[in-house]
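First the structure, in the form of structure tokens, and then the observations on it.
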Amino acid sequence: MSQKIRIKLKRAEKIVKAVKATGAIISGPIPLPTHKRIYTVNRSTFVNKKAREQFQLSDFKRLIDIYSSTAKTVDALMKLELPSGVEVEIKV
């Protein structure tokens with residue numbers, strides 16, 4: 001098969017371990033820019049309108065390239081169970 005597989009994801013540990021167990025060559029995980037979402041809300045609903053509080057959500061993304069993949073590697077990636085909310089994008 002020997003194709004290059006590119007994976008863009010938000011959690012890399014399990015995928016790296018699964019791919020290395022099959023004997024494929026791996027490049028990464030390479031960190032991509034972090035996407036930060038900042039929300040500002042009032043501390044009080046009625047008085048002290050100038051008192052505000054800020055909350056931040058951060059998305060950490062990684063990029064993994066897999067070289068010399070075999071059928072075992074693809075099967076290991078398909079069978080891998082990841083937590084809900086983890087997005088994985090695979091390009092061949």
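So you can find residues: chains in the structure tokens are A, B, ... in the order shown, residues in each start at 1, and ligands are numbered from 1 in order.
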
May I have the residues within 10 Å of Ser27 (chain A) as a PyMOL selection string, using only C-alpha atoms and disregarding those fewer than 4 positions away in the same chain? chain A and resi 6+16+63-67

Contacts of Ala18 (chain A) within 9 Å, only C-alpha atoms, excl. fewer than 3 positions in-chain, as a list in words: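 My reading of the contact set: Glu13, Lys14, Ile15, Ala21, Thr22, Thr73, Ala76, Leu77 and Leu80 of chain A.
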
Put those residues in a file: N, CA and C atoms, as a PDB file, in the first residue's frame.
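This is the output file result18.pdb:
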```
ATOM      1  N   GLU A  13      -2.284  11.197  21.496  1.00  0.00           N
ATOM      2  CA  GLU A  13      -1.573  10.123  22.198  1.00  0.00           C
ATOM      3  C   GLU A  13      -1.957   8.727  21.710  1.00  0.00           C
ATOM      4  N   LYS A  14      -3.244   8.429  21.696  1.00  0.00           N
ATOM      5  CA  LYS A  14      -3.696   7.083  21.345  1.00  0.00           C
ATOM      6  C   LYS A  14      -3.364   6.723  19.903  1.00  0.00           C
ATOM      7  N   ILE A  15      -3.483   7.679  19.016  1.00  0.00           N
ATOM      8  CA  ILE A  15      -3.224   7.408  17.598  1.00  0.00           C
ATOM      9  C   ILE A  15      -1.739   7.124  17.377  1.00  0.00           C
ATOM     10  N   ALA A  21       2.718   0.807  17.030  1.00  0.00           N
ATOM     11  CA  ALA A  21       2.617  -0.624  17.315  1.00  0.00           C
ATOM     12  C   ALA A  21       2.548  -1.455  16.029  1.00  0.00           C
ATOM     13  N   THR A  22       2.035  -0.864  14.947  1.00  0.00           N
ATOM     14  CA  THR A  22       1.946  -1.590  13.677  1.00  0.00           C
ATOM     15  C   THR A  22       3.245  -1.518  12.876  1.00  0.00           C
ATOM     16  N   THR A  73      -2.058  -0.941   9.747  1.00  0.00           N
ATOM     17  CA  THR A  73      -2.117   0.439  10.234  1.00  0.00           C
ATOM     18  C   THR A  73      -3.505   1.026  10.032  1.00  0.00           C
ATOM     19  N   ALA A  76      -5.930  -0.543  12.471  1.00  0.00           N
ATOM     20  CA  ALA A  76      -5.734  -0.024  13.828  1.00  0.00           C
ATOM     21  C   ALA A  76      -6.361   1.358  13.969  1.00  0.00           C
ATOM     22  N   LEU A  77      -6.278   2.179  12.931  1.00  0.00           N
ATOM     23  CA  LEU A  77      -6.892   3.508  12.982  1.00  0.00           C
ATOM     24  C   LEU A  77      -8.414   3.432  12.979  1.00  0.00           C
ATOM     25  N   LEU A  80      -9.807   2.230  16.490  1.00  0.00           N
ATOM     26  CA  LEU A  80      -9.440   3.058  17.630  1.00  0.00           C
ATOM     27  C   LEU A  80     -10.660   3.778  18.199  1.00  0.00           C
TER      28      LEU A  80
END
```

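Excluding region 51-56 of chain A itself and same-chain residues fewer than 5 positions from it, the residues having an atom within 12 Å of it are Thr34, His35, Lys36, Arg37, Ile38, Tyr39, Thr40, Val41, Asn42, Arg43, Ser44, Thr45 and Phe46 of chain A, counting only C-alpha atoms.
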
Would you list, as a ChimeraX atom specification, the residues of region 5-50 of chain A that end up in alpha helix (DSSP H) under DSSP run on this structure's backbone? /A:13-21

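Residue nearest Pro33 (chain A) within the list A:Ala12, A:Ser58, A:Asn48, A:Val19: A:Ser58 [criterion: smallest interatomic distance, only C-alpha atoms].
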
Residues of region 15-87 of chain A classed as strand (DSSP E or B) by DSSP on the backbone are to be reported as number ranges by chain. A: 25-31, 35-42, 52-59, 62-67

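For the pair CA of Phe60 (chain A) and CA of Gly28 (chain A), the separation is 14.4 Å.
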
Could you state the separation of CA of Lys17 (chain A) and CA of Glu81 (chain A) in Å, given to one decimal place? 12.7 Å

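In terms of minimum interatomic distance to Leu32 (chain A), A:Arg62 ranks closest within A:Arg62, A:Lys20, A:Lys49, A:Lys72, counting only C-alpha atoms.
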
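If only C-alpha atoms are the atoms counted, then among A:Ile90, A:Ala71, A:Leu57, A:Lys79 the closest residue to Ala24 (chain A) is A:Ala71.
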